[in-house]
>>> print(open('start_30.cif').read())   # mmCIF, C-alpha atoms
data_target
loop_
_atom_site.label_atom_id
_atom_site.label_comp_id
_atom_site.auth_asym_id
_atom_site.auth_seq_id
_atom_site.Cartn_x
_atom_site.Cartn_y
_atom_site.Cartn_z
CA GLY A 4 89.68 126.16 32.46
CA ASN A 5 88.20 125.94 28.96
CA LEU A 6 86.21 122.89 27.94
CA ARG A 7 87.78 120.61 25.38
CA PRO A 8 86.00 120.56 22.01
CA LEU A 9 84.30 117.20 22.63
CA GLU A 10 83.14 118.26 26.10
CA LEU A 11 81.81 121.52 24.69
CA PHE A 12 80.04 119.66 21.89
CA LYS A 13 78.36 117.34 24.40
CA SER A 14 77.35 120.27 26.61
CA MET A 15 75.67 121.96 23.63
CA ASP A 16 73.95 118.77 22.47
CA LYS A 17 71.07 119.17 24.89
CA ASP A 18 68.91 116.41 23.43
CA ARG A 19 71.84 113.95 23.32
CA SER A 20 71.22 113.24 19.65
CA GLY A 21 74.88 113.29 18.74
CA THR A 22 74.35 116.39 16.61
CA ILE A 23 73.90 120.09 17.16
CA GLU A 24 70.83 121.69 15.64
CA ALA A 25 70.15 125.33 14.88
CA LYS A 26 68.26 125.87 18.16
CA GLU A 27 71.20 124.50 20.17
CA LEU A 28 73.59 126.76 18.28
CA ILE A 29 71.35 129.75 19.03
CA ALA A 30 71.38 128.82 22.75
CA LEU A 31 75.19 128.76 22.72
CA CYS A 32 75.41 132.15 21.06
CA LYS A 33 72.96 133.68 23.55
CA SER A 34 75.01 132.33 26.46
CA ALA A 35 78.06 133.97 24.85
CA GLY A 36 76.26 137.31 24.60
CA LEU A 37 75.54 137.09 20.85
CA ASP A 38 71.81 137.75 20.81
CA GLY A 39 71.49 138.62 17.13
CA LEU A 40 71.61 135.04 15.82
CA ASP A 41 68.19 133.90 14.59
CA ALA A 42 67.18 130.51 13.19
CA LYS A 43 67.95 131.51 9.61
CA ALA A 44 71.45 132.73 10.49
CA ALA A 45 72.08 129.64 12.62
CA ARG A 46 71.16 127.38 9.72
CA ALA A 47 73.50 129.37 7.46
CA LEU A 48 76.36 128.89 9.94
CA ILE A 49 75.72 125.18 10.07
CA LYS A 50 75.49 124.94 6.29
CA ALA A 51 79.00 126.36 5.88
CA SER A 52 80.49 123.29 7.59
CA ASP A 53 77.69 120.75 7.02
CA LYS A 54 79.36 118.21 4.72
CA ASN A 55 76.43 115.76 4.64
CA SER A 56 73.79 118.52 4.25
CA ASP A 57 71.53 117.25 7.03
CA GLY A 58 71.19 120.71 8.56
CA LYS A 59 73.02 119.68 11.73
CA PHE A 60 76.54 119.62 13.08
CA GLU A 61 78.21 116.25 13.47
CA TYR A 62 81.22 116.42 15.79
CA ASP A 63 83.78 116.62 12.97
CA GLU A 64 81.79 119.40 11.32
CA PHE A 65 81.52 121.23 14.64
CA LEU A 66 85.27 120.91 15.13
CA LYS A 67 85.88 122.38 11.69
CA GLY A 68 83.63 125.35 12.53
CA MET A 69 85.52 125.90 15.78
CA LYS A 70 88.88 126.05 14.05
CA GLU A 71 87.77 128.51 11.42
CA LYS A 72 87.59 132.23 12.13
CA ASP A 73 83.84 132.51 11.65
CA PRO A 74 80.96 133.61 13.94
CA LEU A 75 80.66 130.10 15.35
CA GLY A 76 84.30 130.07 16.40
CA ALA A 77 83.88 133.54 17.91
CA ALA A 78 80.78 132.45 19.83
CA ILE A 79 82.51 129.38 21.21
CA ALA A 80 85.58 131.39 22.24
CA GLN A 81 83.42 133.98 23.97
CA LYS A 82 81.46 131.31 25.82
CA GLN A 83 84.64 129.67 27.05
CA GLU A 84 86.02 133.03 28.19
CA ALA A 85 82.74 133.81 29.95
CA ASP A 86 82.75 130.42 31.68
CA ALA A 87 86.36 130.90 32.80
CA ALA A 88 85.58 134.41 34.12
CA ALA A 89 82.51 133.12 35.98
CA LYS A 90 84.56 130.37 37.59
CA ALA A 91 87.29 132.82 38.61
CA PHE A 92 84.66 135.13 40.15
CA ALA A 93 83.07 132.21 42.03
CA ASP A 94 86.48 131.16 43.33
CA ARG A 95 87.17 134.70 44.57
CA GLN A 96 83.79 134.88 46.31
CA LYS A 97 84.43 131.53 47.99
CA ALA A 98 87.83 132.71 49.20
CA ILE A 99 86.22 135.83 50.69
CA ALA A 100 83.51 133.72 52.34
CA ASP A 101 86.16 131.40 53.78
CA ARG A 102 88.04 134.36 55.25
CA GLN A 103 84.82 135.73 56.71
CA GLU A 104 84.08 132.38 58.36
CA ARG A 105 87.49 132.50 60.05
CA ARG A 106 87.07 136.11 61.16
CA VAL A 107 86.91 136.71 64.89
CA THR A 108 83.36 137.62 65.90
CA SER A 109 83.51 137.06 69.65
CA LEU A 110 86.05 137.44 72.44
CA ALA A 111 83.88 135.61 74.96
CA ASP A 112 85.16 132.46 76.66
CA LEU A 113 88.74 133.10 75.58
CA ASP A 114 91.65 132.66 77.92
CA PRO A 115 92.72 136.15 79.14
CA SER A 116 96.08 135.65 77.44
CA GLU A 117 94.30 135.25 74.09
CA VAL A 118 91.98 138.26 74.20
CA GLY A 119 94.56 140.71 72.88
CA LEU A 120 95.75 138.35 70.15
CA ALA A 121 92.19 137.62 69.05
CA ALA A 122 91.26 141.30 69.09
CA PHE A 123 94.13 142.24 66.80
CA SER A 124 93.33 139.29 64.56
CA ALA A 125 89.87 140.84 64.16
CA LEU A 126 91.45 144.21 63.37
CA ARG A 127 93.68 142.66 60.70
CA GLY A 128 90.67 141.06 59.02
CA TYR A 129 88.70 144.31 59.22
CA ALA A 130 91.55 146.34 57.74
CA ALA A 131 92.17 143.86 54.92
CA GLU A 132 88.55 143.42 53.85
CA ALA A 133 86.50 146.43 54.92
CA LEU A 134 89.15 149.14 54.66
CA GLY A 135 90.89 148.00 51.50
CA ASN A 136 94.12 146.63 52.99
CA VAL A 137 95.25 149.89 54.61
CA ARG A 138 98.71 150.14 56.13
CA ALA A 139 99.14 149.69 59.86
CA LYS A 140 99.83 153.41 60.38
CA GLU A 141 96.67 154.37 58.52
CA LEU A 142 94.66 151.89 60.61
CA PHE A 143 96.13 153.35 63.81
CA MET A 144 95.20 156.88 62.79
CA SER A 145 91.65 155.81 61.92
CA VAL A 146 91.26 154.10 65.33
CA ASP A 147 92.72 157.11 67.17
CA ARG A 148 89.56 159.14 66.82
CA ASP A 149 90.56 161.99 69.13
CA GLN A 150 93.95 162.21 67.39
CA ASP A 151 95.90 162.33 70.66
CA GLY A 152 98.55 159.94 69.39
CA ALA A 153 97.37 156.98 71.45
CA VAL A 154 94.52 154.46 71.29
CA ASP A 155 92.50 153.95 74.45
CA ALA A 156 89.98 151.28 75.47
CA LYS A 157 87.00 153.27 74.20
CA GLU A 158 88.56 153.61 70.75
CA ILE A 159 89.55 149.93 70.63
CA ALA A 160 86.02 148.92 71.62
CA ALA A 161 84.55 151.09 68.86
CA VAL A 162 86.73 149.67 66.08
CA LEU A 163 86.23 146.08 67.26
CA LYS A 164 82.48 146.60 67.03
CA SER A 165 82.96 147.95 63.50
CA ALA A 166 84.98 144.80 62.77
CA GLY A 167 81.98 142.66 63.74
CA VAL A 168 83.02 141.59 67.24
CA VAL A 169 79.71 141.47 69.06
CA ASP A 170 80.52 141.33 72.75
CA VAL A 171 83.01 144.15 73.29
CA ASP A 172 82.80 146.37 76.35
CA LEU A 173 85.42 148.58 77.99
CA ARG A 174 86.61 145.72 80.20
CA THR A 175 87.22 143.52 77.17
CA ALA A 176 88.92 146.39 75.33
CA ARG A 177 91.27 146.96 78.28
CA ALA A 178 92.10 143.25 78.26
CA ALA A 179 92.88 143.51 74.55
CA ILE A 180 95.22 146.45 75.15
CA LYS A 181 97.02 145.03 78.19
CA PRO A 182 99.41 142.52 76.49
CA PHE A 183 100.86 145.26 74.28
CA ASP A 184 100.80 148.17 76.73
CA THR A 185 104.47 148.28 77.64
CA THR A 186 104.19 151.62 79.46
CA GLY A 187 101.23 150.54 81.58
CA ASP A 188 99.23 153.71 80.87
CA GLY A 189 96.17 151.84 79.57
CA LYS A 190 96.68 153.11 76.04
CA LEU A 191 98.58 152.01 72.95
CA GLN A 192 101.14 154.24 71.32
CA TYR A 193 101.76 153.45 67.65
CA ALA A 194 104.72 151.13 68.36
CA GLU A 195 102.60 149.18 70.84
CA PHE A 196 99.66 149.07 68.41
CA LEU A 197 102.00 147.83 65.68
CA ALA A 198 103.19 145.03 67.96
CA GLY A 199 99.57 143.98 68.31
CA ILE A 200 99.03 144.07 64.55
CA LYS A 201 102.12 141.89 64.01
CA SER A 202 101.16 139.43 66.75
CA LYS A 203 100.27 135.86 65.85
CA TRP A 204 97.21 133.90 66.92
CA SER A 205 96.03 130.41 65.96
CA SER A 206 93.12 131.89 63.96
CA ALA A 207 94.99 135.00 62.83
CA GLY A 208 93.62 137.11 60.03
CA PRO A 209 95.59 138.32 56.99
CA ALA A 210 98.84 140.18 57.57
CA LEU A 211 98.96 143.93 57.20
CA PRO A 212 101.85 145.84 55.70
CA GLY A 213 103.78 147.74 58.34
CA GLY A 214 105.31 151.15 57.94
CA ALA A 215 106.23 154.01 60.15
#
>>> encode(input="start_30.cif", output="structure tokens")
Amino acid sequence: GNLRPLELFKSMDKDRSGTIEAKELIALCKSAGLDGLDAKAARALIKASDKNSDGKFEYDEFLKGMKEKDPLGAAIAQKQEADAAAKAFADRQKAIADRQERRVTSLADLDPSEVGLAAFSALRGYAAEALGNVRAKELFMSVDRDQDGAVDAKEIAAVLKSAGVVDVDLRTARAAIKPFDTTGDGKLQYAEFLAGIKSKWSSAGPALPGGA
């Protein structure tokens, strides 16, 4: 959130003198993207609210400048907006990093009953982050490279590798398919693939929207 006026004043008062000088005002304006403020202009801004004429801002004078619709108030508002935007961006990046840390990167050493669940967890994460949150049907069609209406072990292995799973071979891919292969043909029709996408695992990735 935005800093309170006193906190902002203290953050600008770099030399801890209890006042804000022209050079500190210039630094604020530069951080807010206002590069045209020189020492002369900064002194003029201070002078407009400088009741004791010492060429510096006391806190009450600074507060007055903030409340008025002048370049100082604009600079402060812009700096606070920039700080808030930077924090929001940092929070988003951290959230992405946290999701990436939870993403499945290996199917090794898993119980056979978990391989399929873990594989589809990896696919959900891949679809949500790398493919822009595509729908389940769109993901199925992108995995079904030969467009035969079913996904086989070779195609599952290829997409898992694209999703960052490092130890996928055809045997692992078949194990991933098996829990959802209700017809026993070694492939996944769309309904079977969708069941995999909707499956739950203890480290499951983000949910995907369904759709026929």
>>> closest_residue(input="start_30.cif", among="A:Val168, A:Ile180, A:Ile200, A:Ala194", to="Arg127 of chain A", atoms="only C-alpha atoms")
A:Ile200
>>> atom_distance(input="start_30.cif", atom1="atom CA of Asp170 of chain A", atom2="atom CA of Thr108 of chain A")
8.3 Å
>>> residues_around(input="start_30.cif", residues="Val162 of chain A", least_positions_apart="3", cutoff="8 Å", atoms="all atoms listed in the file", output="count of residues only")
6
>>> closest_residue(input="start_30.cif", among="A:Lys17, A:Lys201, A:Lys90, A:Arg7", to="Phe123 of chain A", atoms="all atoms listed in the file")
A:Lys201
>>> residues_around(input="start_30.cif", residues="Ala45 of chain A", least_positions_apart="6", cutoff="7 Å", atoms="only C-alpha atoms", output="number ranges by chain")
A: 25, 28-29
>>> closest_residue(input="start_30.cif", among="A:Val169, A:Ala131, A:Leu191, A:Ala121", to="Val154 of chain A", atoms="only C-alpha atoms")
A:Leu191
>>> axis_aligned_box(input="start_30.cif", around="segment 121-128 of chain A", padding_each_side="4 Å", output="lines of an AutoDock Vina configuration file")
center_x = 92.0
center_y = 140.9
center_z = 64.1
size_x = 12.3
size_y = 14.6
size_z = 18.1
>>> atom_distance(input="start_30.cif", atom1="atom CA of Leu31 of chain A", atom2="atom CA of Lys50 of chain A")
16.9 Å
>>> resolve_selection(input="start_30.cif", expression="the PyMOL selection byres ((chain A and resi 171) around 9)", output="PyMOL selection string")
chain A and resi 109-111+160-161+163-164+168-170+172-176
>>> atom_distance(input="start_30.cif", atom1="atom CA of Gln150 of chain A", atom2="atom CA of Ala178 of chain A")
21.9 Å
>>> residues_around(input="start_30.cif", residues="Thr22 of chain A", least_positions_apart="2", cutoff="9 Å", atoms="all atoms listed in the file", output="JSON, numbers by chain")
{"A": [12, 13, 16, 18, 19, 20, 24, 59, 60, 61, 62, 65]}
>>> closest_residue(input="start_30.cif", among="A:Glu10, A:Met15, A:Gly21, A:Ala51", to="Ser34 of chain A", atoms="all atoms listed in the file")
A:Met15
>>> resolve_selection(input="start_30.cif", expression="the PyMOL selection byres ((chain A and resi 198) around 12)", output="list in words")
Gly119, Leu120, Phe123, Ser124, Ala139, Lys140, Phe143, Ile180, Lys181, Pro182, Phe183, Asp184, Thr185, Leu191, Gln192, Tyr193, Ala194, Glu195, Phe196, Leu197, Gly199, Ile200, Lys201, Ser202, Lys203, Leu211, Gly213 and Gly214 of chain A
